[in-house]
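Read the structure below first, then the notes.
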Amino acid sequence: MLGQASAVMDPFPHTPITPQVAGAPPMPTLSVNHVIRGIQQGRLASSVPVDLDVLDAYVERALAEKLALSTASTETRQLFEHLEAPLTFVSPQRRAALADCDVFVLPFPLCVSYAHELAGRPLIVLSTGLIDLIANAIFASQLQSLLPQALETYYLLQARHDMPASDLVANALFLQLHAFRGCAPLPNCQALLSPQLLRQSQDAIDGALLFIVLHELGHHRLGHLDSDRIRPLRYRLIVGDALSIDQQQELEADQFALDSLIEPAQAIGTFWHQNAVNFFMQLELVSGQLSGTDHPAAIDRAFHADALRAQMGKDLDVHPRRAFFDTLAARYRATQRHAHEPDNALIHTSRAGCLDILKQSNRVLADFGIDLSPVWETPAPGWLDTRVS
Ligand SMILES: [Zn+2]
C-alpha cells in the first residue's frame with residue numbers, strides 16, 4: 001500500500017542522477033559567495049554553535065577553492081540515493097513542493113542545514129558534517145545496545161564516581177562525536193556493527209535525513225525566511241519554558257515535515273524526527289547546556305515527537321513515554337546544576353580523556369569478547385559513501 005507513492009514522477013527534476021549531458025541547460029549552482037553567506041548566516045541545524053574560528057577556516061577554504069555547489073554534484077546525487085526509499089512515504093503534493101527547490105550538499109564537516117533563496121528560487125543546503133554526525137549518533141546508540149549488562153555495575157573510579165562504565169562509554173562516544181564539531185575525525189562506530197544492525201541503521205539514518213530536508217522545506221513553505229509569523233499550535237515542553245518566535249518556527253518546521261508524510265507513515269516519521277535530534281539531545285544531557293536561543297531544546301523536540309506518536313498510535317497500543325522523558329529532564333537539570341564543575345560535567349573531558357575512558361572500558365569488555373578498538377583505530381567512512389544492501 002505504501003508502495004503506491006513510488007509511482008509519482010521524479011520529484012527532483014533539477015537533480016539528475018546521471019552526469020550532465022553536453023548541450024543540456026546548466027544545472028543550478030551556488031556561487032562561492034552564496035556558499036559563504038550560507039556558512040555564516042544559515043540557520044544552524046541545532047542550537048549548539050560551531051566555533052567561529054572553525055567557520056572562518058571553512059570560509060577561507062571555500063574562497064581558496066572557489067567552491068561553487070551544484071545540484072549535480074556527487075554528494076547531492078548520493079544524498080538522493082539515500083533518500084530514495086524514505087521518499088516513497090512523502091505525499092505527492094510535498095514531493096512536488098520539494099521538486100520546486102534546489103538541494104545542495106556542502107562537502108564540509110560542518111554541522112549546518114539551512115533554507116535560503118537564490119534568484120527567487122528556494123534552496124536547501126545540508127552539510128556532509130551534519131549527515132555524518134546524525135549517522136554516527138545512530139551508530140553510537142546501536143553500539144551502546146551491544147554493551148554487556150555487567151558494565152552497568154562496573155565503575156572506573158579514576159574517571160567518575162557517580163556513573164557506571166556503560167554510561168561512561170556511551171558519553172565518551174558522544175563526546176568524541178562532539179569533537180567533530182571542531183572538525184576532528186569521527187570515531188568509527190560503524191566498524192563494530194553487524195550487517196543486520198547496519199541495515200537497521202540505514203533506515204533510521206536515511207529517514208532522519210529526509211526529515212531534515214522536509215524541515216527545511218517547511219521553513220520555505222511556512223514563510224519563515226521573510227516573516228516572524230507563527231501559527232497557533234500547542235507544543236508540549238518538558239525542559240523549556242516559553243518559546244521565542246524562532247524556536248516556535250523550528251517546531252512548526254518539524255510539524256510540517258511530519259505532515260508531509262502520508263498518514264500511515266507519520267508514526268514512523270516521529271522516529272525519524274527523534275533520530276534527527278538525538279545527537280543534540282545527548283549533548284544536552286552530557287553538558288547540561290542549551291547553547292543558543294534560536295532552536296528549542298532537542299529534548300523538547302524529541303518529547304513532542306514522542307507525544308505525537310502516542311496520539312497517532314492510540315489504536316495501536318503505542319503509549320507516551322512520559323516516565324522516560326521525566327527521567328531525561330531530571331538528568332538534564334542535574335547536569336545543568338553541575339555543568340560548571342569540572343569533575344561533574346563530562347563535557348569538560350577532553351578528546352584524549354574520552355579516548356582514555358574507552359580504552360579503560362575496553363579492558364573490561366575483553367572478557368565479554370567485545371573489542372572497541374576499531375572505533376578509534378580505523379577512519380570512519382562518510383555516510384553518503386556507505387552502501388548497505
Ligand atoms: Zn530549522
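Chain lettering (A, B, ...) mirrors the order of the C-alpha cells, residue numbering begins at 1 for each chain separately, and ligand numbering begins at 1 in order of display.
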Query raised in the report: Among segment 91-276 of chain A, which residues carry a DSSP assignment of strand (DSSP E), reported as a ChimeraX atom specification?
Result: /A:102-106,113-118,121-127
**Report entry** Residues within 9 Å of ligand 1, counting only C-alpha atoms and all ligand atoms, as a PyMOL selection string
**Finding:** chain A and resi 43-46+113-115+212+215-216+218-219+246-247+249-254+294-295
Let's have the selection written as a PDB file, in the first residue's frame, with N, CA, C and O atoms.
```
ATOM      1  N   ARG A  43      20.591  29.221   9.043  1.00  0.00           N
ATOM      2  CA  ARG A  43      20.124  28.750  10.348  1.00  0.00           C
ATOM      3  C   ARG A  43      20.802  27.435  10.636  1.00  0.00           C
ATOM      4  O   ARG A  43      20.685  26.489   9.853  1.00  0.00           O
ATOM      5  N   LEU A  44      21.519  27.348  11.727  1.00  0.00           N
ATOM      6  CA  LEU A  44      22.222  26.114  12.039  1.00  0.00           C
ATOM      7  C   LEU A  44      21.216  25.017  12.342  1.00  0.00           C
ATOM      8  O   LEU A  44      20.076  25.284  12.706  1.00  0.00           O
ATOM      9  N   ALA A  45      21.693  23.786  12.193  1.00  0.00           N
ATOM     10  CA  ALA A  45      20.793  22.654  12.386  1.00  0.00           C
ATOM     11  C   ALA A  45      20.366  22.506  13.834  1.00  0.00           C
ATOM     12  O   ALA A  45      19.384  21.869  14.138  1.00  0.00           O
ATOM     13  N   SER A  46      21.126  23.089  14.741  1.00  0.00           N
ATOM     14  CA  SER A  46      20.776  22.943  16.144  1.00  0.00           C
ATOM     15  C   SER A  46      21.186  24.208  16.854  1.00  0.00           C
ATOM     16  O   SER A  46      21.756  25.117  16.269  1.00  0.00           O
ATOM     17  N   SER A 113      22.467  22.928   8.314  1.00  0.00           N
ATOM     18  CA  SER A 113      21.484  22.734   7.249  1.00  0.00           C
ATOM     19  C   SER A 113      20.661  24.008   7.252  1.00  0.00           C
ATOM     20  O   SER A 113      20.414  24.575   8.309  1.00  0.00           O
ATOM     21  N   TYR A 114      20.312  24.490   6.087  1.00  0.00           N
ATOM     22  CA  TYR A 114      19.525  25.719   6.074  1.00  0.00           C
ATOM     23  C   TYR A 114      18.711  25.868   4.801  1.00  0.00           C
ATOM     24  O   TYR A 114      18.969  25.236   3.781  1.00  0.00           O
ATOM     25  N   ALA A 115      17.701  26.723   4.934  1.00  0.00           N
ATOM     26  CA  ALA A 115      16.859  27.087   3.804  1.00  0.00           C
ATOM     27  C   ALA A 115      17.238  28.508   3.402  1.00  0.00           C
ATOM     28  O   ALA A 115      17.472  29.360   4.263  1.00  0.00           O
ATOM     29  N   ILE A 212      15.035  16.085   7.879  1.00  0.00           N
ATOM     30  CA  ILE A 212      15.711  17.393   7.882  1.00  0.00           C
ATOM     31  C   ILE A 212      15.418  18.162   6.583  1.00  0.00           C
ATOM     32  O   ILE A 212      15.134  19.359   6.606  1.00  0.00           O
ATOM     33  N   HIS A 215      12.020  19.450   6.858  1.00  0.00           N
ATOM     34  CA  HIS A 215      12.002  20.537   7.839  1.00  0.00           C
ATOM     35  C   HIS A 215      12.430  21.848   7.150  1.00  0.00           C
ATOM     36  O   HIS A 215      11.791  22.887   7.318  1.00  0.00           O
ATOM     37  N   GLU A 216      13.488  21.781   6.342  1.00  0.00           N
ATOM     38  CA  GLU A 216      13.946  22.990   5.634  1.00  0.00           C
ATOM     39  C   GLU A 216      12.910  23.444   4.606  1.00  0.00           C
ATOM     40  O   GLU A 216      12.691  24.645   4.431  1.00  0.00           O
ATOM     41  N   GLY A 218       9.860  23.130   5.019  1.00  0.00           N
ATOM     42  CA  GLY A 218       8.871  23.783   5.873  1.00  0.00           C
ATOM     43  C   GLY A 218       9.201  25.248   6.100  1.00  0.00           C
ATOM     44  O   GLY A 218       8.321  26.107   6.023  1.00  0.00           O
ATOM     45  N   HIS A 219      10.484  25.569   6.349  1.00  0.00           N
ATOM     46  CA  HIS A 219      10.859  26.979   6.542  1.00  0.00           C
ATOM     47  C   HIS A 219      10.479  27.802   5.309  1.00  0.00           C
ATOM     48  O   HIS A 219      10.044  28.935   5.414  1.00  0.00           O
ATOM     49  N   ASP A 246      11.571  32.392  16.961  1.00  0.00           N
ATOM     50  CA  ASP A 246      12.458  31.489  16.217  1.00  0.00           C
ATOM     51  C   ASP A 246      12.247  30.040  16.645  1.00  0.00           C
ATOM     52  O   ASP A 246      12.196  29.134  15.808  1.00  0.00           O
ATOM     53  N   GLN A 247      12.172  29.841  17.944  1.00  0.00           N
ATOM     54  CA  GLN A 247      12.004  28.462  18.452  1.00  0.00           C
ATOM     55  C   GLN A 247      10.669  27.879  18.001  1.00  0.00           C
ATOM     56  O   GLN A 247      10.585  26.713  17.628  1.00  0.00           O
ATOM     57  N   GLN A 249       9.072  28.699  15.308  1.00  0.00           N
ATOM     58  CA  GLN A 249       9.159  28.396  13.874  1.00  0.00           C
ATOM     59  C   GLN A 249       9.890  27.070  13.643  1.00  0.00           C
ATOM     60  O   GLN A 249       9.568  26.337  12.714  1.00  0.00           O
ATOM     61  N   GLU A 250      10.875  26.773  14.490  1.00  0.00           N
ATOM     62  CA  GLU A 250      11.570  25.489  14.350  1.00  0.00           C
ATOM     63  C   GLU A 250      10.599  24.340  14.584  1.00  0.00           C
ATOM     64  O   GLU A 250      10.616  23.337  13.864  1.00  0.00           O
ATOM     65  N   LEU A 251       9.760  24.473  15.596  1.00  0.00           N
ATOM     66  CA  LEU A 251       8.792  23.419  15.879  1.00  0.00           C
ATOM     67  C   LEU A 251       7.744  23.330  14.766  1.00  0.00           C
ATOM     68  O   LEU A 251       7.286  22.240  14.419  1.00  0.00           O
ATOM     69  N   GLU A 252       7.383  24.491  14.206  1.00  0.00           N
ATOM     70  CA  GLU A 252       6.445  24.476  13.070  1.00  0.00           C
ATOM     71  C   GLU A 252       7.038  23.723  11.889  1.00  0.00           C
ATOM     72  O   GLU A 252       6.352  22.984  11.189  1.00  0.00           O
ATOM     73  N   ALA A 253       8.346  23.949  11.653  1.00  0.00           N
ATOM     74  CA  ALA A 253       9.008  23.267  10.535  1.00  0.00           C
ATOM     75  C   ALA A 253       9.063  21.756  10.807  1.00  0.00           C
ATOM     76  O   ALA A 253       8.917  20.945   9.887  1.00  0.00           O
ATOM     77  N   ASP A 254       9.264  21.375  12.068  1.00  0.00           N
ATOM     78  CA  ASP A 254       9.212  19.950  12.436  1.00  0.00           C
ATOM     79  C   ASP A 254       7.840  19.373  12.105  1.00  0.00           C
ATOM     80  O   ASP A 254       7.718  18.291  11.525  1.00  0.00           O
ATOM     81  N   ASP A 294      17.931  30.144  19.371  1.00  0.00           N
ATOM     82  CA  ASP A 294      17.165  30.095  18.123  1.00  0.00           C
ATOM     83  C   ASP A 294      16.482  28.752  17.888  1.00  0.00           C
ATOM     84  O   ASP A 294      15.594  28.636  17.069  1.00  0.00           O
ATOM     85  N   HIS A 295      16.920  27.709  18.605  1.00  0.00           N
ATOM     86  CA  HIS A 295      16.255  26.410  18.496  1.00  0.00           C
ATOM     87  C   HIS A 295      15.720  25.999  19.865  1.00  0.00           C
ATOM     88  O   HIS A 295      16.339  26.302  20.879  1.00  0.00           O
TER      89      HIS A 295
END
```
Report task. Enumerate the residues of segment 122-337 of chain A with a DSSP assignment of alpha helix (DSSP H), computed from the backbone, and present them as a count of residues only. Result -> 129
**Report entry** Near-Gln255 of chain A list (12 Å; only C-alpha atoms; drop same-chain fewer than 3 positions) as a ChimeraX atom specification
**Finding:** /A:211-212,214-219,222,231,233-235,248-252,258-261,266,269-270,273,301,304-305,308
Export, as a short mmCIF file (atom, residue, chain, number, x, y, z; two decimals), in the first residue's frame, the selected residues with N, CA, C and O atoms.
```
data_model
loop_
_atom_site.label_atom_id
_atom_site.label_comp_id
_atom_site.auth_asym_id
_atom_site.auth_seq_id
_atom_site.Cartn_x
_atom_site.Cartn_y
_atom_site.Cartn_z
N PHE A 211 13.81 13.75 6.99
CA PHE A 211 13.09 14.63 7.91
C PHE A 211 13.71 16.03 7.90
O PHE A 211 13.00 17.04 7.87
N ILE A 212 15.03 16.09 7.88
CA ILE A 212 15.71 17.39 7.88
C ILE A 212 15.42 18.16 6.58
O ILE A 212 15.13 19.36 6.61
N LEU A 214 12.80 17.88 4.72
CA LEU A 214 11.39 18.33 4.78
C LEU A 214 11.23 19.48 5.78
O LEU A 214 10.42 20.39 5.58
N HIS A 215 12.02 19.45 6.86
CA HIS A 215 12.00 20.54 7.84
C HIS A 215 12.43 21.85 7.15
O HIS A 215 11.79 22.89 7.32
N GLU A 216 13.49 21.78 6.34
CA GLU A 216 13.95 22.99 5.63
C GLU A 216 12.91 23.44 4.61
O GLU A 216 12.69 24.64 4.43
N LEU A 217 12.28 22.48 3.94
CA LEU A 217 11.20 22.82 3.02
C LEU A 217 10.10 23.56 3.79
O LEU A 217 9.51 24.52 3.29
N GLY A 218 9.86 23.13 5.02
CA GLY A 218 8.87 23.78 5.87
C GLY A 218 9.20 25.25 6.10
O GLY A 218 8.32 26.11 6.02
N HIS A 219 10.48 25.57 6.35
CA HIS A 219 10.86 26.98 6.54
C HIS A 219 10.48 27.80 5.31
O HIS A 219 10.04 28.94 5.41
N LEU A 222 6.37 27.79 4.93
CA LEU A 222 5.65 28.48 6.01
C LEU A 222 6.04 29.96 6.07
O LEU A 222 5.61 30.69 6.95
N ARG A 231 2.22 30.20 13.95
CA ARG A 231 0.86 29.64 13.93
C ARG A 231 0.44 29.19 15.33
O ARG A 231 1.30 28.74 16.10
N LEU A 233 -0.22 26.85 17.42
CA LEU A 233 -0.20 25.42 17.72
C LEU A 233 0.27 25.24 19.17
O LEU A 233 1.01 26.07 19.69
N ARG A 234 -0.16 24.15 19.78
CA ARG A 234 0.23 23.93 21.16
C ARG A 234 1.36 22.89 21.20
O ARG A 234 1.23 21.82 20.62
N TYR A 235 2.46 23.27 21.82
CA TYR A 235 3.58 22.34 21.91
C TYR A 235 3.80 21.92 23.36
O TYR A 235 3.76 22.76 24.26
N GLN A 248 9.64 28.73 18.00
CA GLN A 248 8.33 28.25 17.59
C GLN A 248 8.34 27.88 16.10
O GLN A 248 7.76 26.90 15.69
N GLN A 249 9.07 28.70 15.31
CA GLN A 249 9.16 28.40 13.87
C GLN A 249 9.89 27.07 13.64
O GLN A 249 9.57 26.34 12.71
N GLU A 250 10.88 26.77 14.49
CA GLU A 250 11.57 25.49 14.35
C GLU A 250 10.60 24.34 14.58
O GLU A 250 10.62 23.34 13.86
N LEU A 251 9.76 24.47 15.60
CA LEU A 251 8.79 23.42 15.88
C LEU A 251 7.74 23.33 14.77
O LEU A 251 7.29 22.24 14.42
N GLU A 252 7.38 24.49 14.21
CA GLU A 252 6.45 24.48 13.07
C GLU A 252 7.04 23.72 11.89
O GLU A 252 6.35 22.98 11.19
N LEU A 258 6.59 16.37 9.41
CA LEU A 258 5.76 15.23 9.77
C LEU A 258 4.49 15.18 8.92
O LEU A 258 4.09 14.12 8.44
N ASP A 259 3.88 16.35 8.73
CA ASP A 259 2.65 16.43 7.93
C ASP A 259 2.91 16.11 6.46
O ASP A 259 1.96 15.89 5.70
N SER A 260 4.17 16.15 6.04
CA SER A 260 4.49 15.87 4.64
C SER A 260 4.41 14.38 4.32
O SER A 260 4.41 13.99 3.16
N LEU A 261 4.39 13.57 5.36
CA LEU A 261 4.38 12.12 5.14
C LEU A 261 2.94 11.64 4.97
O LEU A 261 2.02 12.19 5.57
N GLN A 266 3.26 8.46 9.29
CA GLN A 266 3.57 9.57 10.20
C GLN A 266 4.12 9.09 11.55
O GLN A 266 4.96 9.76 12.14
N GLY A 269 7.56 8.59 11.01
CA GLY A 269 8.18 9.91 10.91
C GLY A 269 8.57 10.49 12.26
O GLY A 269 9.57 11.20 12.38
N THR A 270 7.82 10.16 13.31
CA THR A 270 8.18 10.68 14.63
C THR A 270 9.51 10.06 15.09
O THR A 270 10.26 10.69 15.82
N HIS A 273 12.18 11.93 13.24
CA HIS A 273 12.35 13.21 13.92
C HIS A 273 13.28 13.04 15.13
O HIS A 273 14.24 13.80 15.32
N ARG A 301 12.03 18.77 21.57
CA ARG A 301 11.61 18.34 20.23
C ARG A 301 11.32 16.84 20.23
O ARG A 301 10.35 16.37 19.64
N HIS A 304 8.09 16.12 22.18
CA HIS A 304 6.92 16.46 21.38
C HIS A 304 6.66 15.36 20.34
O HIS A 304 5.52 14.92 20.16
N ALA A 305 7.73 14.89 19.70
CA ALA A 305 7.58 13.82 18.70
C ALA A 305 7.01 12.56 19.35
O ALA A 305 6.16 11.87 18.78
N LEU A 308 3.31 13.01 20.03
CA LEU A 308 2.53 12.90 18.79
C LEU A 308 2.37 11.44 18.38
O LEU A 308 1.31 11.02 17.94
#
```
Might you pull out every residue within 9 Å of Gln78 of chain A, with only C-alpha atoms counted and same-chain residues fewer than 5 positions away left off, and present them as an mmCIF file with N, CA, C and O atoms, in the first residue's frame?
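Listed below is the output, part31.cif:
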```cif
data_model
loop_
_atom_site.group_PDB
_atom_site.id
_atom_site.type_symbol
_atom_site.label_atom_id
_atom_site.label_comp_id
_atom_site.auth_asym_id
_atom_site.auth_seq_id
_atom_site.Cartn_x
_atom_site.Cartn_y
_atom_site.Cartn_z
ATOM 1 N N ILE A 17 20.411 12.127 -11.675
ATOM 2 C CA ILE A 17 21.246 11.045 -11.147
ATOM 3 C C ILE A 17 22.440 10.850 -12.085
ATOM 4 O O ILE A 17 23.522 10.509 -11.676
ATOM 5 N N SER A 73 26.176 17.668 -8.139
ATOM 6 C CA SER A 73 27.420 17.179 -7.532
ATOM 7 C C SER A 73 27.277 15.727 -7.068
ATOM 8 O O SER A 73 26.168 15.231 -6.869
ATOM 9 N N LEU A 83 17.939 8.992 -0.022
ATOM 10 C CA LEU A 83 16.569 9.434 0.275
ATOM 11 C C LEU A 83 15.507 8.652 -0.499
ATOM 12 O O LEU A 83 14.321 8.746 -0.208
ATOM 13 N N LEU A 384 27.458 9.218 3.117
ATOM 14 C CA LEU A 384 26.987 9.266 1.735
ATOM 15 C C LEU A 384 27.681 8.226 0.864
ATOM 16 O O LEU A 384 27.146 7.799 -0.151
ATOM 17 N N ASP A 385 28.887 7.797 1.286
ATOM 18 C CA ASP A 385 29.608 6.765 0.523
ATOM 19 C C ASP A 385 29.184 5.354 0.914
ATOM 20 O O ASP A 385 29.627 4.390 0.309
#
```
Query raised in the report: Skipping near chain neighbours, those fewer than 6 positions away, what residues fall within 10 Å of segment 363-366 of chain A using only C-alpha atoms, listed as a PyMOL selection string?
Result: chain A and resi 147-148+150-151+154+165+372
Report task. Can you work out the spacing between atom CA of Trp383 of chain A and atom CA of Phe271 of chain A in Å, to one decimal? Result -> 19.2 Å
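With atom CA of Leu79 of chain A on one side and atom CA of Thr293 of chain A on the other, the separation reads 29.5 Å.
Considering the residues A:Asp162, A:Asp315, A:Asp203, A:Glu377 and counting only C-alpha atoms, Pro187 of chain A has its shortest atom-to-atom contact with A:Glu377.
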